[in-house]
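Pasting model.txt here (compact mmCIF, C-alpha atoms and all ligand atoms):
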```txt
# COMPACT_ATOMS: atom_id res chain seq x y z
CA MET V 16 13.68 -27.85 17.00
CA GLN V 17 15.68 -27.44 13.80
CA VAL V 18 13.38 -26.33 11.00
CA PRO V 19 14.28 -26.76 7.30
CA GLY V 20 15.17 -23.78 5.12
CA SER V 21 12.75 -21.14 3.90
CA LYS V 22 10.88 -22.08 0.75
CA SER V 23 10.39 -18.44 -0.27
CA ILE V 24 14.06 -17.55 0.20
CA THR V 25 15.28 -20.72 -1.54
CA ALA V 26 13.08 -20.01 -4.58
CA ARG V 27 14.20 -16.39 -4.84
CA ALA V 28 17.85 -17.26 -4.33
CA LEU V 29 17.63 -19.91 -7.09
CA PHE V 30 16.13 -17.34 -9.51
CA LEU V 31 18.74 -14.73 -8.61
CA ALA V 32 21.62 -17.21 -8.81
CA ALA V 33 20.47 -18.29 -12.28
CA ALA V 34 20.19 -14.66 -13.41
CA ALA V 35 23.53 -13.55 -11.92
CA ARG V 36 26.96 -13.27 -13.45
CA GLY V 37 29.12 -16.00 -11.85
CA THR V 38 28.61 -19.03 -9.66
CA THR V 39 26.44 -18.86 -6.52
CA LEU V 40 26.62 -21.13 -3.49
CA LEU V 41 23.36 -21.54 -1.55
CA ARG V 42 23.88 -23.05 1.86
CA ARG V 43 21.11 -24.90 3.74
CA PRO V 44 18.53 -24.69 0.94
CA LEU V 45 15.10 -26.19 1.55
CA VAL V 46 15.10 -29.65 0.00
CA SER V 47 11.43 -30.40 -0.68
CA ASP V 48 9.09 -30.93 -3.61
CA ASP V 49 8.60 -27.19 -4.24
CA THR V 50 12.27 -26.25 -4.29
CA GLU V 51 13.39 -29.40 -6.10
CA GLY V 52 10.74 -28.53 -8.68
CA PHE V 53 12.20 -25.02 -8.93
CA ALA V 54 15.79 -26.27 -9.27
CA GLY V 55 14.66 -28.94 -11.75
CA GLY V 56 12.88 -26.23 -13.76
CA LEU V 57 16.14 -24.27 -13.95
CA GLU V 58 17.94 -27.40 -15.16
CA THR V 59 15.31 -27.94 -17.83
CA LEU V 60 15.92 -24.34 -18.93
CA GLY V 61 19.58 -25.29 -19.37
CA TYR V 62 21.18 -23.95 -16.18
CA ARG V 63 23.72 -26.03 -14.26
CA VAL V 64 22.58 -26.76 -10.69
CA GLU V 65 24.69 -29.01 -8.49
CA ARG V 66 22.64 -30.36 -5.62
CA ASP V 67 24.61 -31.47 -2.62
CA PRO V 68 22.07 -31.83 0.24
CA ARG V 69 23.80 -29.15 2.34
CA ALA V 70 24.55 -26.64 -0.42
CA TRP V 71 23.43 -26.01 -3.99
CA THR V 72 25.75 -24.46 -6.61
CA ILE V 73 24.25 -22.61 -9.56
CA GLU V 74 26.02 -21.22 -12.62
CA GLY V 75 24.33 -17.99 -13.58
CA ARG V 76 23.68 -16.54 -17.03
CA PRO V 77 22.52 -12.87 -17.17
CA GLU V 78 21.35 -13.27 -20.80
CA GLY V 79 18.55 -15.65 -19.79
CA PRO V 80 18.08 -19.43 -20.06
CA PRO V 81 20.86 -21.35 -21.86
CA ALA V 82 18.32 -23.63 -23.62
CA ALA V 83 16.75 -22.51 -26.89
CA GLU V 84 13.66 -24.63 -26.27
CA ALA V 85 12.31 -26.26 -23.11
CA GLU V 86 9.21 -27.75 -21.52
CA VAL V 87 9.10 -27.05 -17.78
CA PHE V 88 6.75 -28.87 -15.41
CA CYS V 89 6.21 -26.72 -12.31
CA ARG V 90 4.54 -29.40 -10.12
CA ASP V 91 2.46 -27.80 -7.28
CA GLY V 92 4.79 -24.84 -6.65
CA ALA V 93 3.40 -21.38 -7.28
CA THR V 94 6.85 -19.80 -6.91
CA THR V 95 8.09 -22.05 -9.74
CA ALA V 96 4.94 -21.56 -11.81
CA ARG V 97 4.97 -17.77 -11.46
CA PHE V 98 8.67 -16.84 -11.26
CA LEU V 99 10.16 -19.07 -13.99
CA PRO V 100 7.99 -17.83 -16.92
CA ALA V 101 9.21 -14.30 -16.09
CA LEU V 102 12.84 -15.48 -16.12
CA ALA V 103 12.30 -17.31 -19.42
CA ALA V 104 10.75 -14.19 -21.00
CA ALA V 105 14.03 -12.32 -20.48
CA GLY V 106 15.91 -14.83 -22.66
CA GLN V 107 15.74 -15.99 -26.28
CA GLY V 108 13.83 -19.16 -27.14
CA VAL V 109 10.55 -21.04 -26.95
CA PHE V 110 9.62 -22.11 -23.44
CA ARG V 111 6.52 -24.06 -22.52
CA PHE V 112 5.30 -24.30 -18.91
CA ASP V 113 2.75 -26.60 -17.32
CA ALA V 114 1.87 -27.54 -13.75
CA SER V 115 -0.12 -30.01 -11.64
CA ALA V 116 -3.93 -29.99 -11.71
CA GLN V 117 -3.87 -28.12 -8.38
CA MET V 118 -1.50 -25.45 -9.71
CA ARG V 119 -3.36 -25.18 -13.03
CA ARG V 120 -6.38 -23.96 -11.04
CA ARG V 121 -4.38 -21.12 -9.43
CA PRO V 122 -4.26 -17.76 -11.25
CA LEU V 123 -1.34 -15.95 -12.85
CA GLY V 124 -3.29 -13.68 -15.22
CA PRO V 125 -2.21 -10.31 -13.76
CA LEU V 126 1.44 -11.37 -14.14
CA THR V 127 1.15 -12.73 -17.69
CA GLN V 128 -0.94 -9.69 -18.71
CA ALA V 129 1.81 -7.39 -17.38
CA LEU V 130 4.45 -9.36 -19.31
CA ARG V 131 2.36 -9.01 -22.48
CA GLU V 132 2.06 -5.26 -21.91
CA LEU V 133 5.86 -5.24 -21.79
CA GLY V 134 5.90 -6.84 -25.26
CA VAL V 135 6.36 -10.50 -24.29
CA ASP V 136 4.75 -13.04 -26.66
CA LEU V 137 2.95 -15.28 -24.16
CA VAL V 138 0.04 -17.59 -24.95
CA HIS V 139 -2.15 -19.46 -22.47
CA GLU V 140 -2.99 -22.75 -24.13
CA GLY V 141 -6.06 -23.60 -22.08
CA GLN V 142 -7.86 -21.27 -19.71
CA GLU V 143 -6.75 -17.63 -20.01
CA GLY V 144 -4.55 -16.62 -17.07
CA HIS V 145 -3.66 -20.20 -16.09
CA HIS V 146 -1.10 -22.89 -16.92
CA PRO V 147 -0.18 -24.32 -19.41
CA LEU V 148 1.46 -21.47 -21.32
CA THR V 149 4.12 -20.82 -23.94
CA VAL V 150 6.58 -17.93 -23.98
CA ARG V 151 8.32 -17.06 -27.27
CA ALA V 152 11.08 -15.03 -25.70
CA ARG V 153 13.06 -12.27 -27.37
CA GLY V 154 14.26 -10.38 -24.29
CA ILE V 155 12.25 -7.68 -22.47
CA LYS V 156 12.68 -3.98 -23.30
CA GLY V 157 11.22 -2.74 -20.02
CA GLY V 158 9.03 0.26 -19.22
CA ARG V 159 6.09 1.28 -17.04
CA ILE V 160 3.32 -1.04 -15.91
CA THR V 161 0.46 -1.07 -13.43
CA LEU V 162 -0.15 -4.30 -11.53
CA ASP V 163 -2.94 -5.62 -9.34
CA ALA V 164 -1.25 -7.90 -6.77
CA GLY V 165 -4.38 -8.22 -4.61
CA LEU V 166 -4.67 -11.96 -5.33
CA SER V 167 -0.97 -12.78 -4.95
CA SER V 168 2.21 -10.88 -4.12
CA GLN V 169 4.04 -13.43 -6.27
CA PHE V 170 2.95 -11.50 -9.40
CA LEU V 171 4.90 -8.49 -8.12
CA THR V 172 7.86 -10.59 -6.96
CA ALA V 173 8.19 -12.21 -10.42
CA LEU V 174 8.31 -8.77 -12.10
CA LEU V 175 10.72 -7.33 -9.53
CA LEU V 176 13.09 -10.30 -9.92
CA VAL V 177 13.15 -10.05 -13.72
CA GLY V 178 13.34 -6.23 -13.76
CA PRO V 179 17.16 -5.96 -13.74
CA LEU V 180 17.35 -8.30 -16.77
CA THR V 181 15.30 -5.91 -18.95
CA ALA V 182 17.02 -3.46 -21.31
CA GLU V 183 15.60 -0.29 -19.74
CA GLY V 184 14.45 -1.39 -16.29
CA LEU V 185 10.89 -1.44 -14.90
CA HIS V 186 8.60 1.07 -13.20
CA ILE V 187 5.88 -0.97 -11.49
CA THR V 188 2.90 0.75 -9.87
CA VAL V 189 0.88 -1.55 -7.64
CA THR V 190 -2.86 -0.91 -7.19
CA ASP V 191 -3.41 -3.58 -4.51
CA LEU V 192 -1.07 -5.89 -2.63
CA VAL V 193 -1.62 -8.94 -0.41
CA SER V 194 1.07 -10.83 1.57
CA ALA V 195 3.18 -7.66 1.63
CA PRO V 196 6.07 -9.04 3.76
CA TYR V 197 6.97 -11.43 0.91
CA VAL V 198 7.83 -8.40 -1.23
CA GLU V 199 10.26 -7.30 1.48
CA ILE V 200 11.93 -10.73 1.21
CA THR V 201 12.24 -10.19 -2.55
CA LEU V 202 13.80 -6.73 -2.16
CA ALA V 203 16.23 -7.97 0.52
CA LEU V 204 17.37 -10.89 -1.64
CA MET V 205 17.78 -8.66 -4.73
CA ARG V 206 19.95 -6.33 -2.63
CA ARG V 207 22.04 -9.33 -1.54
CA PHE V 208 22.64 -10.11 -5.24
CA GLY V 209 23.68 -6.50 -5.88
CA VAL V 210 20.53 -4.70 -7.09
CA GLU V 211 18.77 -1.97 -5.12
CA VAL V 212 15.12 -1.26 -5.99
CA GLU V 213 13.91 2.32 -5.42
CA ARG V 214 10.49 2.45 -3.87
CA ALA V 215 8.20 5.49 -3.61
CA GLY V 216 4.88 4.46 -2.03
CA ASP V 217 3.18 2.08 -4.44
CA THR V 218 5.79 2.46 -7.20
CA PHE V 219 8.89 0.33 -7.57
CA HIS V 220 11.73 1.39 -9.86
CA VAL V 221 13.95 -1.53 -10.83
CA PRO V 222 17.18 -0.50 -12.59
CA PRO V 223 18.62 -2.51 -15.51
CA ARG V 224 21.73 -3.91 -13.85
CA PRO V 225 23.37 -7.34 -13.69
CA TYR V 226 22.98 -9.41 -10.56
CA ALA V 227 26.23 -10.55 -8.93
CA ALA V 228 26.71 -14.14 -7.77
CA THR V 229 27.16 -14.66 -4.03
CA ASP V 230 27.55 -17.12 -1.17
CA TYR V 231 24.31 -17.18 0.79
CA THR V 232 22.99 -19.09 3.80
CA ILE V 233 19.23 -19.65 3.85
CA GLU V 234 17.41 -19.16 7.16
CA PRO V 235 14.82 -21.64 8.52
CA ASP V 236 11.25 -21.41 7.22
CA ALA V 237 9.01 -19.26 9.41
CA SER V 238 5.73 -20.76 8.13
CA THR V 239 7.05 -24.24 8.97
CA ALA V 240 8.07 -22.99 12.41
CA SER V 241 4.42 -22.14 13.13
CA TYR V 242 3.60 -25.84 13.75
CA PRO V 243 6.05 -26.58 16.59
CA LEU V 244 5.46 -23.10 18.08
CA ALA V 245 1.69 -23.69 18.07
CA ALA V 246 2.24 -27.13 19.61
CA ALA V 247 4.18 -25.48 22.46
CA ALA V 248 1.43 -22.90 23.04
CA LEU V 249 -1.17 -25.67 23.04
CA THR V 250 0.54 -28.00 25.49
CA GLY V 251 2.35 -25.85 28.00
CA HIS V 252 5.77 -26.90 26.72
CA SER V 253 8.56 -24.79 25.33
CA VAL V 254 9.97 -24.74 21.77
CA THR V 255 12.97 -22.77 20.50
CA ILE V 256 13.68 -22.40 16.78
CA PRO V 257 17.37 -21.56 16.32
CA GLY V 258 18.24 -19.34 13.35
CA LEU V 259 14.84 -17.66 13.22
CA GLY V 260 14.26 -14.49 15.24
CA SER V 261 13.66 -10.75 15.03
CA ALA V 262 16.38 -10.44 12.33
CA SER V 263 14.45 -12.81 10.07
CA LEU V 264 13.48 -11.64 6.57
CA GLN V 265 10.16 -13.51 6.82
CA GLY V 266 6.88 -11.91 7.87
CA ASP V 267 5.55 -15.25 9.13
CA VAL V 268 7.87 -15.03 12.14
CA ARG V 269 5.13 -12.68 13.46
CA PHE V 270 2.91 -15.72 14.02
CA ALA V 271 4.73 -16.00 17.36
CA GLU V 272 3.24 -12.62 18.32
CA VAL V 273 -0.26 -13.99 17.65
CA LEU V 274 0.51 -16.84 20.07
CA GLY V 275 1.72 -14.17 22.52
CA ARG V 276 -1.61 -12.33 22.24
CA MET V 277 -3.32 -15.66 23.05
CA GLY V 278 -1.37 -15.94 26.28
CA ALA V 279 1.81 -17.86 25.43
CA THR V 280 5.15 -16.46 26.55
CA VAL V 281 7.19 -15.38 23.52
CA GLU V 282 10.86 -14.53 23.55
CA LEU V 283 12.08 -13.06 20.28
CA ARG V 284 15.84 -12.65 20.10
CA PRO V 285 17.67 -11.62 16.90
CA ASP V 286 18.59 -15.22 16.02
CA ALA V 287 16.01 -17.39 17.80
CA VAL V 288 12.39 -17.48 18.90
CA THR V 289 11.05 -19.34 21.91
CA VAL V 290 7.38 -19.95 22.66
CA THR V 291 6.36 -21.35 26.03
CA GLY V 292 2.75 -22.30 26.59
CA ASN V 293 0.83 -22.62 29.82
CA GLY V 294 -1.86 -24.98 28.54
CA ARG V 295 -4.43 -22.17 28.25
CA LEU V 296 -5.19 -19.99 25.21
CA ARG V 297 -7.27 -16.80 24.94
CA GLY V 298 -9.62 -16.09 22.04
CA LEU V 299 -8.91 -13.09 19.81
CA THR V 300 -9.73 -11.27 16.57
CA VAL V 301 -6.75 -10.96 14.29
CA ASN V 302 -6.06 -9.63 10.78
CA MET V 303 -3.76 -12.10 9.01
CA ARG V 304 -3.62 -10.58 5.50
CA ASP V 305 0.19 -10.37 5.77
CA ILE V 306 0.76 -13.90 7.12
CA SER V 307 -2.03 -16.07 5.73
CA ASP V 308 0.09 -19.25 5.36
CA THR V 309 -0.10 -19.51 9.16
CA VAL V 310 -3.92 -19.25 9.33
CA PRO V 311 -4.49 -23.04 9.18
CA THR V 312 -2.07 -23.38 12.12
CA LEU V 313 -4.09 -20.92 14.17
CA ALA V 314 -7.41 -22.42 13.07
CA ALA V 315 -6.21 -25.87 14.16
CA ILE V 316 -5.47 -24.79 17.76
CA ALA V 317 -8.33 -22.26 17.99
CA PRO V 318 -10.94 -24.68 19.45
CA PHE V 319 -8.83 -24.90 22.63
CA ALA V 320 -9.04 -21.13 23.29
CA ASP V 321 -11.37 -19.86 26.00
CA GLY V 322 -13.27 -17.63 23.57
CA PRO V 323 -13.92 -17.27 19.82
CA VAL V 324 -10.97 -16.91 17.43
CA ARG V 325 -11.85 -14.70 14.47
CA ILE V 326 -9.36 -14.41 11.59
CA GLU V 327 -9.98 -11.60 9.09
CA ASP V 328 -8.91 -10.25 5.68
CA VAL V 329 -7.63 -13.54 4.27
CA TYR V 330 -9.57 -13.92 0.99
CA ASN V 331 -6.55 -15.17 -0.95
CA MET V 332 -6.39 -18.31 1.20
CA ARG V 333 -9.14 -19.51 -1.12
CA ILE V 334 -6.71 -19.70 -4.09
CA LYS V 335 -3.84 -21.60 -2.48
CA GLU V 336 -3.15 -25.35 -2.76
CA CYS V 337 -6.87 -25.69 -1.99
CA ASP V 338 -9.59 -23.34 -0.73
CA ARG V 339 -8.03 -23.14 2.72
CA LEU V 340 -10.92 -21.27 4.37
CA ASP V 341 -13.34 -24.01 3.30
CA ALA V 342 -10.82 -26.77 4.13
CA CYS V 343 -10.29 -25.39 7.65
CA ALA V 344 -14.05 -25.09 8.20
CA GLU V 345 -14.72 -28.59 6.81
CA ASN V 346 -12.12 -30.21 9.04
CA LEU V 347 -13.10 -28.27 12.16
CA SER V 348 -16.70 -29.43 11.55
CA ARG V 349 -15.46 -33.03 11.24
CA LEU V 350 -13.83 -32.53 14.66
CA GLY V 351 -17.17 -31.31 16.03
CA VAL V 352 -16.02 -27.69 16.41
CA PRO V 353 -18.52 -24.86 15.76
CA VAL V 354 -17.16 -22.73 12.91
CA ARG V 355 -18.42 -20.05 10.53
CA THR V 356 -16.78 -18.58 7.43
CA GLY V 357 -17.42 -15.65 5.10
CA ARG V 358 -15.78 -14.41 1.92
CA ASP V 359 -12.53 -13.49 3.68
CA TRP V 360 -12.87 -14.59 7.32
CA ILE V 361 -13.30 -17.56 9.61
CA GLU V 362 -14.60 -17.69 13.18
CA ILE V 363 -13.94 -20.68 15.42
CA HIS V 364 -15.68 -21.33 18.74
CA PRO V 365 -14.37 -23.13 21.83
CA ALA V 366 -14.92 -26.91 21.84
CA SER V 367 -13.35 -30.23 22.75
CA PRO V 368 -12.41 -31.70 19.36
CA ARG V 369 -13.28 -35.38 18.82
CA ALA V 370 -11.36 -37.97 16.79
CA ALA V 371 -11.83 -37.67 13.01
CA GLU V 372 -10.13 -38.13 9.66
CA ILE V 373 -8.76 -34.87 8.22
CA ALA V 374 -9.38 -34.18 4.51
CA CYS V 375 -6.03 -32.72 3.41
CA HIS V 376 -7.06 -31.73 -0.14
CA GLY V 377 -3.45 -32.32 -1.16
CA ASP V 378 -2.46 -29.29 0.94
CA HIS V 379 0.67 -29.57 3.11
CA ARG V 380 -0.50 -26.80 5.44
CA ILE V 381 -3.84 -28.47 6.19
CA ALA V 382 -1.97 -31.73 6.97
CA MET V 383 0.65 -30.08 9.21
CA ALA V 384 -1.80 -27.75 11.00
CA PHE V 385 -4.28 -30.48 11.99
CA SER V 386 -1.38 -32.73 13.05
CA VAL V 387 -0.86 -30.11 15.76
CA THR V 388 -4.52 -30.53 16.86
CA GLY V 389 -3.62 -34.21 17.14
CA VAL V 390 -1.06 -33.41 19.84
CA ARG V 391 -4.02 -32.68 22.18
CA THR V 392 -6.77 -34.83 20.61
CA PRO V 393 -6.16 -38.59 20.22
CA GLY V 394 -7.41 -40.39 17.11
CA ILE V 395 -6.90 -37.71 14.45
CA THR V 396 -5.78 -39.20 11.11
CA LEU V 397 -4.86 -37.63 7.77
CA ASP V 398 -6.21 -38.89 4.42
CA ASP V 399 -2.98 -37.82 2.66
CA ALA V 400 -0.08 -37.65 5.12
CA GLY V 401 2.47 -37.53 2.27
CA CYS V 402 1.36 -34.12 0.97
CA VAL V 403 3.73 -32.50 3.51
CA ARG V 404 6.49 -33.23 0.96
CA LYS V 405 5.74 -29.85 -0.68
CA THR V 406 7.69 -27.98 2.00
CA PHE V 407 8.69 -30.39 4.81
CA PRO V 408 9.15 -34.07 3.85
CA GLY V 409 10.37 -34.93 7.37
CA PHE V 410 7.46 -33.24 9.17
CA HIS V 411 5.79 -36.29 10.74
CA GLN V 412 9.06 -37.64 12.14
CA ALA V 413 10.02 -34.19 13.45
CA LEU V 414 6.68 -33.81 15.23
CA ALA V 415 6.96 -37.33 16.65
CA ASP V 416 10.47 -36.51 17.95
CA LEU V 417 9.21 -33.30 19.55
CA ARG V 418 6.38 -35.19 21.28
CA ALA V 419 8.73 -37.94 22.39
CA GLY V 420 10.84 -35.25 24.05
CA TRP V 421 7.73 -34.06 25.91
CA ALA V 422 6.59 -37.67 26.52
CA LEU V 423 3.14 -36.87 25.06
O1 LIG I 1 6.40 -15.22 -2.59
C1 LIG I 1 6.34 -16.21 -1.87
O2 LIG I 1 7.35 -16.93 -1.64
C2 LIG I 1 5.06 -16.57 -1.23
C3 LIG I 1 4.05 -15.64 -1.14
C4 LIG I 1 2.74 -15.94 -0.52
O3 LIG I 1 1.79 -16.10 -1.55
P1 LIG I 1 0.72 -14.97 -2.01
O4 LIG I 1 1.45 -13.72 -2.29
O5 LIG I 1 0.12 -15.60 -3.22
O6 LIG I 1 -0.26 -14.82 -0.87
C5 LIG I 1 2.78 -17.20 0.32
O7 LIG I 1 1.47 -17.59 0.63
C6 LIG I 1 3.49 -18.32 -0.41
O8 LIG I 1 3.53 -19.49 0.37
C7 LIG I 1 4.91 -17.94 -0.71
C1 LIG I 2 0.70 -21.05 -0.59
C2 LIG I 2 1.81 -21.76 -0.49
O1 LIG I 2 2.67 -22.06 -1.49
P1 LIG I 2 2.83 -21.50 -2.98
O2 LIG I 2 1.88 -20.33 -3.17
O3 LIG I 2 4.27 -21.04 -3.06
O4 LIG I 2 2.56 -22.65 -3.89
C3 LIG I 2 2.24 -22.30 0.82
O5 LIG I 2 3.39 -22.80 0.91
O6 LIG I 2 1.47 -22.26 1.79
```

What is this structure when it is put down as structure tokens?
Ligand SMILES: O=C(O)C1=C[C@@H](OP(=O)(O)O)[C@@H](O)[C@H](O)C1
Ligand SMILES: C=C(OP(=O)(O)O)C(=O)O
Amino acid sequence: MQVPGSKSITARALFLAAAARGTTLLRRPLVSDDTEGFAGGLETLGYRVERDPRAWTIEGRPEGPPAAEAEVFCRDGATTARFLPALAAAGQGVFRFDASAQMRRRPLGPLTQALRELGVDLVHEGQEGHHPLTVRARGIKGGRITLDAGLSSQFLTALLLVGPLTAEGLHITVTDLVSAPYVEITLALMRRFGVEVERAGDTFHVPPRPYAATDYTIEPDASTASYPLAAAALTGHSVTIPGLGSASLQGDVRFAEVLGRMGATVELRPDAVTVTGNGRLRGLTVNMRDISDTVPTLAAIAPFADGPVRIEDVYNMRIKECDRLDACAENLSRLGVPVRTGRDWIEIHPASPRAAEIACHGDHRIAMAFSVTGVRTPGITLDDAGCVRKTFPGFHQALADLRAGWAL
């Protein structure tokens, strides 16, 4: 199955292309609500973005946004809502940011506090630490800061990405960090645009240095790949995702290993992953702090395992598009599956799910994950099928095509 491009890589590449000297060509970008929101945000800030469906061209400007004033609406995308204010702060002008109701509820206080400590004039107009906000930008001098990225790695990524645009560079010491593999994606992409970050344990030294434009091909999205791979493990069929393998930059490719621990056969080659199921799944206890976007996928197939599935250390799932731990538990209960949750864990017991309507809470991952349950359980419906547009507008057709191939 061909999977659309990585959301995380597309967002970073758009930031870096905008900040670079020269014109960047991004091949196979993800075209979805999140990344169109990101590209549209750049356009509102005055950058030129040409969007051909197969490749996006961006004219960079190392001095910061071309516009002197702008109002950017970030939609539901946390990459847009957290990365673009940092980019704007490095320029000169007055930039206002707002986001959807869902995104307004999600925090960015540790990031905006760090920007203020670096001298940025940034005001939250409503609730402190949340959108909407206004940045009166006069460039960033740089310096040393301490950051708590225990709620979101995106706070650290935003500061790393903007670091080279500061006058003196940044020394960032991190006291806590969740979703750590996403920081590796950031560092790899920065390197690809010509900037090497020095890392010593919890401290990152970002030099003041211009990014260089490039020609870059975006790999398929590993979180999106979790749905067809889980469907294979659940049904005893085989799925291969070309372009996504052991050479991937994305931590979520490790979801395939979780399916392997549950009994599926996993073949991880440098440029492709194949999962072959045998119709049976084993229960397990697994720490998914690094790969929590794939927790709903696991939760949605967990009832079919022969023992309990316990997923641990995933508190920050509660501050995503919705409270994903509660949403998983609510929907499993609707399906008649015994489930328990705590502050940062969920435990799912074996059951035969019954037909039910899934409450998506406007969350693409809840919709896509429980669609996979629907491959085994007839009569599952979604109350908001369209919310998949955030990262995979063609999801329902793609899943239908996969099932047609298996004649399920
Ligand atoms: O940097 C990124 O591209 C992302 C980081 C992760 O968020 P957190 O660091 O907030 O867990 C992940 O859940 C999100 O989908 C994308
Ligand atoms: C959490 C997600 O998105 P974001 O934080 O980028 O809005 C996601 O895609 O699952």

Contacts with ligand LIG 1 (chain I) at most 9 Å, only C-alpha atoms and all ligand atoms counted, listed as a VMD selection string: chain V and resid 21 to 27 92 to 94 164 to 173 192 to 198 200 to 201 238 304 to 309 331 to 332 334 to 335

Nearest candidate to ligand LIG 2 (chain I) (options V:Asp48, V:Glu272, V:Glu84, V:Glu132; using all atoms listed in the file):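 Distance minimum relative to ligand LIG 2 (chain I) lands on V:Asp48.
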
Atom CA of V:Met16 to atom CA of V:Pro235, distance in Å rounded to a single decimal: 10.6 Å

Top pick for closest residue to V:Asp398, considering V:Ser367, V:Thr300, V:Thr356, V:Asn346 and counting only C-alpha atoms: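 Using only C-alpha atoms, V:Asp398 sits closest to V:Asn346.
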
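Atom pair atom CA of V:Ala228 / atom CA of V:Phe208 has a distance of 6.3 Å (rounded to one decimal).
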
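We find atom CA of V:Phe319 and atom O5 of ligand LIG 2 (chain I) to be spaced 25.0 Å apart.
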
Protein and nucleic acid residues near (1.5, 0.3, -6.2) (cut-off 9 Å, all atoms listed in the file) as a PyMOL selection string: chain V and resi 161-164+187-192+215-219

Residue neighbourhood stretch 135-140 of chain V, 9 Å, all atoms listed in the file, exclusion window fewer than 2 positions, as a VMD selection string: chain V and resid 104 to 105 127 to 133 142 to 155

Within 7 Å of V:Val254 using only C-alpha atoms, minus same-chain residues under 2 positions, as a list in words: Met16, Pro243, Leu244, Ala247, His252, Ile256, Thr289, Val290 and Thr291 of chain V

Residue nearest V:Arg380 among V:Val352, V:Met303, V:Val310, V:Ala227 (counting only C-alpha atoms): V:Val310

Neighbour residues at most 10 Å from (28.7, -22.5, -2.5) (all atoms listed in the file) as a PyMOL selection string: chain V and resi 38-42+65+67+69-73+229-232

Option closest in space to ligand LIG 2 (chain I), from V:Phe53, V:Phe385, V:Phe88, V:Tyr62 [counting all atoms listed in the file]: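 Smallest separation from ligand LIG 2 (chain I) among the options: V:Phe53.
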
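If all atoms listed in the file are the atoms counted, then among V:Cys337, V:Ala370, V:Ala245, V:Ala262 the closest residue to ligand LIG 2 (chain I) is V:Cys337.
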
Nearest to V:Leu249, chosen from V:Ala237, V:Val390, V:Ala415, V:Met118, with all atoms listed in the file counted in the distances: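 With all atoms listed in the file as the atom set, the closest residue is V:Val390.
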